[in-house]
Number of protein chains: 4
Amino acid sequence: MTDDAVTNRYPTALGASSRESITLLGEDLAADVMGNVGFGELAFRLATQRRPEPGETRLFEAVLAALADHGFTPTAMVTRLTYLSAPDSIQGALAAGLLGGGSRFLGVTEDCGRFLDDVLRDAERPSDDEGWDALALATVRARREAGQLIPGLGHHVHKDGDPRTPRLFEIAREEGLFGPHLRLFEAIGRVHPQVLGKTLPLNGAGVCGAALADLDLPLQLLRGFALLARTAGLVGQLAEELRNPVADDIFRSVDLNNVPVEPEPYRSDG
Amino acid sequence: MTDDAVTNRYPTALGASSRESITLLGEDLAADVMGNVGFGELAFRLATQRRPEPGETRLFEAVLAALADHGFTPTAMVTRLTYLSAPDSIQGALAAGLLGGGSRFLGVTEDCGRFLDDVLRDAERPSDDEGWDALALATVRARREAGQLIPGLGHHVHKDGDPRTPRLFEIAREEGLFGPHLRLFEAIGRVHPQVLGKTLPLNGAGVCGAALADLDLPLQLLRGFALLARTAGLVGQLAEELRNPVADDIFRSVDLNNVPVEPEPYRSDG
Amino acid sequence: MTDDAVTNRYPTALGASSRESITLLGEDLAADVMGNVGFGELAFRLATQRRPEPGETRLFEAVLAALADHGFTPTAMVTRLTYLSAPDSIQGALAAGLLGGGSRFLGVTEDCGRFLDDVLRDAERPSDDEGWDALALATVRARREAGQLIPGLGHHVHKDGDPRTPRLFEIAREEGLFGPHLRLFEAIGRVHPQVLGKTLPLNGAGVCGAALADLDLPLQLLRGFALLARTAGLVGQLAEELRNPVADDIFRSVDLNNVPVEPEPYRSDG
Amino acid sequence: MTDDAVTNRYPTALGASSRESITLLGEDLAADVMGNVGFGELAFRLATQRRPEPGETRLFEAVLAALADHGFTPTAMVTRLTYLSAPDSIQGALAAGLLGGGSRFLGVTEDCGRFLDDVLRDAERPSDDEGWDALALATVRARREAGQLIPGLGHHVHKDGDPRTPRLFEIAREEGLFGPHLRLFEAIGRVHPQVLGKTLPLNGAGVCGAALADLDLPLQLLRGFALLARTAGLVGQLAEELRNPVADDIFRSVDLNNVPVEPEPYRSDG
């Protein structure tokens, strides 16, 4: 046992307080941030320690809007059921919902951003649409040969196109933020039928990942932004549950339809 | 076991999808929300199912800014330590941090909003400052006699005044949103020394509760808004941890200074 | 900023390691605990820092068995739905399920234990059944007059009696552990019809709280033991979900029956 | 929108209730389980839907004991800090702690069990120690050539040997449960110095994974058993925190040693 702790110092550029003042990212919280900085911009600043341009904030907030709520997803159901069971803990209901934000549902945003970034790291940056199409074609072929899916391609409901995708392309173009990740993603949308033999939609979760990557946000945190957006959605789910509760109906629709069966002893070779 | 489930229908005004479109609160998500609605406004809409006025959004976002991050709070430490231990699960690190958003740290916002609202429900609405002072004085006296603290009064660091409080008063006045909860809270700030014999600051968590209540947000969800703000802060904490990690130092500062002691058998009458 | 940290030392009687050995509660983990101490006894020891008698362990484990799993509860559904959504994080699925262990479902155990203990703290300990009946009668009357329910009384399914209750009474008697909390709870079962005008069952969650209190376990942690029991149940729910998944059916039964409705703007006076 | 939900039925062999009885895995909970089945055995049954032999229960409980608590780990600190911040929610404090049970700390158990099982699936089962050594040698060489670590090999504290490992070997041998996963793991302990040029200890988390795999428990849930064990440990941490709190000292040791630094704007190419 040593006195290692003695020398510990914990640096941070985030919140700090003294008797008279509170700073956040080096700014006076009360005077400079409150009343002047919107919540989307604030989240961007907290994650990057830099001030986004107004166009960056607009694109970022469009992504958050795209991901905030999709109705009765498993995460929304989980938040409502947890509130039913433990109404004393709003934080538990929200946290439980966020825990569903993993590889299957919210993961596409992160997976797509990382996938596009990996391709771009290893490739020359094309100078025109033909170049992007060639890179996209090589990318789709390589994934196909490796037996891997293309993140961001395909949607079980929006089979003819996810309406969020062209809208996010449009916003990014309006703001001069249509960068390499979005260009590559768009090109994949154009060329993949040549390889796959069918046309799949570029989905909204995927395009959000591409846009977040073009905003130069940390790739390791792309899922974090999806979770932030979802937190706003889950607060909305809770607000609706408080006024028009359905969780007890959901619970009973399952509980009343349970079918007791005999135990099946588990054997790994079974 | 019955077929109760058959007739279940689950109404929601939040997200809904068809093959061609996605709606959110009755609006076309891609065309009308993305690119047009900021994240703070979106969160307000999701929780209330109504469109806030621009001034309401500004006050709401000022509250979120006030609550987003306070440096190395227990919640921030928890998110960093959980990430250290389970870097595979960003959702787990954020959820763990939110679970600290309970009665002691984040609870003041909710407690203060509810407390003010309870007083206002039972009282005639005063017409001038003297009237508010009288109501505040009666309120402080009643709490004192009941041996109860006043939510929102006092701060362990900002002993001479929390800088967020006058700033939020100012923003609310600028936007014409200085409503009864804020008026009562301000009056408590003026009159409490007459009863308590000392001057305590009106703290930032409390004034945020008053402002959220004046925005007519659901009182049961005030903690939810504090948690939403904190989610943005925790994403920032994670982003900083990724670049300048301190969680392992925190862990080791504790682990290396552990002192093994003998078990103390627990007895309830001990 | 000071050097307060320098003097920090963190005492613990729980796990400690050196290069050669690991101790737990002052014992050699490998030599004395592993292979010799069952899991129920270990949990008891960890919570109380004392070794239970075999009869205490048996009663404690009977309580854990009573609380481990009740089929498709909201907590079980939450664990399954979270796994569906985030199969990469077993810890997230279990944690999400535990978050439903709050006031409404798992809370009865804690509420009942605390309620009985509060009564016993303020009362002379009766010496015979008549005395217990008199105390129980006074207790039920006082609650009734205060408009409060009796924790542990009533069950929505087991209207004629919860089979766990007489069984736990029996085990406690066999082990010489039928203490004051169980005696008072049993007496409430005898006398409450005189006050309430109808006979309600003493429920299993309640009797478990009484038994845990008679085991002299910390009242603040009674919910913690219910959660420990439930963790074993949730691992079972996950194991079954892996082999015979139902979460996707549950999700789709809700999502496919969603009914889009118009937003209802929230007004607190609405 | 269709009536797909109508036909939903949810089969389960776990808990089921009728007005008169409660069953668990096809047995009468009150009559057959409570008072007769220890908590470790119950957890085993819930996960496998089969009754373990007494020796299986003993080995399983030895594993749970080995994993229950290791003092001030990040998970223990998280549970204590969350309780400090939200003392109203025991479930939140436990859930937050479990969320640290991911790839880095608790993951070794699962990784090691899966790794050994993968090798065994592709190999002939050796008939003697020389055969096991040969398989182990080939395995270690292959991992080394692929630049991969051997799960379960090495420990930052117990550099000369983790005392849990020989003890678990011993218990497994006593119970006739020293199966192929443990044999391979033991052989890796014998042969790895030939390849790595140094002797590393077989760690306790790894041997637990090998033992759980030899108990024929579902590999996808090995982390779940580690989390179950840890839940008992976290209840112990909470119990100690209630009596001898250290969380506030931990919090202040960090908060008081924070060092405000300038923001560092994030750029992915930085």
# chains A, B, ... in the order shown; residues from 1 in each chain; ligands from 1
>>> residues_around(residues="His70 in chain B", least_positions_apart="3", cutoff="8 Å", atoms="only C-alpha atoms", output="VMD selection string")
(chain A and resid 14 to 17) or (chain B and resid 67 73)
>>> write_last_selection(atoms="C-alpha atoms", output="PDB file, in the first residue's frame")
ATOM      1  CA  LEU A  14     -15.742  20.559 -18.368  1.00  0.00           C
ATOM      2  CA  GLY A  15     -17.634  22.017 -15.431  1.00  0.00           C
ATOM      3  CA  ALA A  16     -15.738  23.763 -12.635  1.00  0.00           C
ATOM      4  CA  SER A  17     -16.963  25.847  -9.732  1.00  0.00           C
TER       5      SER A  17
ATOM      6  CA  LEU B  67     -27.819  21.334 -15.281  1.00  0.00           C
ATOM      7  CA  THR B  73     -19.770  14.709  -9.629  1.00  0.00           C
TER       8      THR B  73
END
>>> closest_atom_pairs(of="chain A", to="chain C", cutoff="7 Å", atoms="only C-alpha atoms", output="CSV")
residue,atom,partner,partner_atom,distance
A:Ala5,CA,C:Val6,CA,6.5
A:Val6,CA,C:Val6,CA,4.7
A:Phe72,CA,C:Asp255,CA,5.4
A:Pro74,CA,C:Leu81,CA,5.7
A:Val78,CA,C:Val78,CA,5.3
A:Leu81,CA,C:Pro74,CA,5.7
A:Thr82,CA,C:Gly100,CA,4.7
A:Ser85,CA,C:Gly100,CA,5.0
A:Ala86,CA,C:Gly102,CA,4.0
A:Pro87,CA,C:Ser103,CA,6.9
A:Asp88,CA,C:Ser103,CA,6.2
A:Gly92,CA,C:Leu99,CA,5.5
A:Ala96,CA,C:Ala96,CA,4.4
A:Leu99,CA,C:Gly92,CA,5.5
A:Gly100,CA,C:Thr82,CA,4.7
A:Gly101,CA,C:Ala86,CA,6.2
A:Gly102,CA,C:Ala86,CA,4.0
A:Ser103,CA,C:Ala86,CA,5.3
A:Arg104,CA,C:Ser85,CA,5.4
A:Phe105,CA,C:Ser85,CA,5.5
A:Phe251,CA,C:Pro74,CA,6.1
A:Val254,CA,C:Phe72,CA,6.9
A:Asp255,CA,C:Phe72,CA,5.4
>>> residues_around(residues="range 52-64 of chain B", least_positions_apart="4", cutoff="8 Å", atoms="only C-alpha atoms", output="list in words")
Val33, Met34, Gly35, Asn36, Val37, Gly38 and Phe39 of chain A; Gly40, Glu41, Phe44, Arg45, Ala68, Leu168, Ile171, Ala172, Glu175, Gly176, Leu177, Cys208, Ala211, Leu212, Leu215, Phe225, Ala226, Leu228 and Ala229 of chain B
>>> residues_around(residues="Leu217 in chain D", least_positions_apart="6", cutoff="8 Å", atoms="only C-alpha atoms", output="mmCIF file with all heavy atoms, in the first residue's frame")
data_model
loop_
_atom_site.group_PDB
_atom_site.id
_atom_site.type_symbol
_atom_site.label_atom_id
_atom_site.label_comp_id
_atom_site.auth_asym_id
_atom_site.auth_seq_id
_atom_site.Cartn_x
_atom_site.Cartn_y
_atom_site.Cartn_z
ATOM 1 N N TYR A 266 -31.130 -28.347 -20.244
ATOM 2 C CA TYR A 266 -30.146 -27.850 -21.204
ATOM 3 C C TYR A 266 -28.928 -28.760 -21.248
ATOM 4 O O TYR A 266 -28.365 -29.118 -20.211
ATOM 5 C CB TYR A 266 -29.694 -26.442 -20.801
ATOM 6 C CG TYR A 266 -28.570 -25.907 -21.647
ATOM 7 C CD1 TYR A 266 -28.823 -25.327 -22.878
ATOM 8 C CD2 TYR A 266 -27.253 -26.007 -21.223
ATOM 9 C CE1 TYR A 266 -27.789 -24.846 -23.667
ATOM 10 C CE2 TYR A 266 -26.209 -25.530 -22.004
ATOM 11 C CZ TYR A 266 -26.484 -24.951 -23.232
ATOM 12 O OH TYR A 266 -25.455 -24.481 -24.015
ATOM 13 N N ARG A 267 -28.531 -29.113 -22.452
ATOM 14 C CA ARG A 267 -27.258 -29.800 -22.682
ATOM 15 C C ARG A 267 -26.614 -29.129 -23.876
ATOM 16 O O ARG A 267 -27.278 -28.919 -24.893
ATOM 17 C CB ARG A 267 -27.478 -31.287 -22.989
ATOM 18 C CG ARG A 267 -27.966 -32.117 -21.801
ATOM 19 C CD ARG A 267 -26.896 -32.215 -20.720
ATOM 20 N NE ARG A 267 -27.391 -32.944 -19.541
ATOM 21 C CZ ARG A 267 -26.730 -32.988 -18.391
ATOM 22 N NH1 ARG A 267 -25.578 -32.357 -18.243
ATOM 23 N NH2 ARG A 267 -27.230 -33.646 -17.371
ATOM 24 N N SER A 268 -25.348 -28.800 -23.760
ATOM 25 C CA SER A 268 -24.717 -28.020 -24.822
ATOM 26 C C SER A 268 -24.666 -28.789 -26.134
ATOM 27 O O SER A 268 -24.613 -28.197 -27.204
ATOM 28 C CB SER A 268 -23.308 -27.610 -24.406
ATOM 29 O OG SER A 268 -22.535 -28.756 -24.142
ATOM 30 N N ALA D 47 -31.170 -21.610 -14.718
ATOM 31 C CA ALA D 47 -30.418 -21.370 -15.952
ATOM 32 C C ALA D 47 -30.409 -22.571 -16.881
ATOM 33 O O ALA D 47 -30.233 -22.423 -18.090
ATOM 34 C CB ALA D 47 -28.992 -20.959 -15.609
ATOM 35 N N THR D 48 -30.574 -23.751 -16.321
ATOM 36 C CA THR D 48 -30.438 -24.961 -17.146
ATOM 37 C C THR D 48 -31.716 -25.777 -17.238
ATOM 38 O O THR D 48 -31.796 -26.707 -18.027
ATOM 39 C CB THR D 48 -29.360 -25.904 -16.572
ATOM 40 O OG1 THR D 48 -29.782 -26.281 -15.238
ATOM 41 C CG2 THR D 48 -27.996 -25.228 -16.498
#
>>> atom_distance(atom1="CA of Leu202 in chain B", atom2="CA of Asp28 in chain A")
18.7 Å
>>> select_by_dssp(residues="range 72-190 of chain D", states="helix (DSSP H, G or I)", output="PyMOL selection string")
chain D and resi 74-85+90-98+107-122+129-145+164-174+180-190
>>> residues_around(residues="Val191 in chain D", least_positions_apart="3", cutoff="8 Å", atoms="only C-alpha atoms", output="ChimeraX atom specification")
/D:133,136-137,187-188,194-195
>>> residues_around(residues="Glu20 in chain D", least_positions_apart="6", cutoff="10 Å", atoms="only C-alpha atoms", output="count of residues only")
7
>>> select_by_dssp(residues="range 14-161 of chain B", states="strand (DSSP E or B)", output="list in words")
Ala16, Ser17, Ile22, Thr23, Leu24, Glu27, Asp28 and Leu153 of chain B
>>> closest_residue(among="D:Pro166, D:His155, D:Pro180, D:Asp269", to="Ser18 in chain C", atoms="only C-alpha atoms")
D:His155
>>> atom_distance(atom1="CA of Arg167 in chain D", atom2="CA of Thr231 in chain C")
26.6 Å
>>> residues_around(residues="Ala123 in chain C", least_positions_apart="5", cutoff="12 Å", atoms="only C-alpha atoms", output="NGL selection string")
:C and (116-118 or 131-132 or 134-136 or 138-139 or 180 or 184)
>>> atom_distance(atom1="CA of Ala31 in chain B", atom2="CA of Asp69 in chain A")
15.8 Å
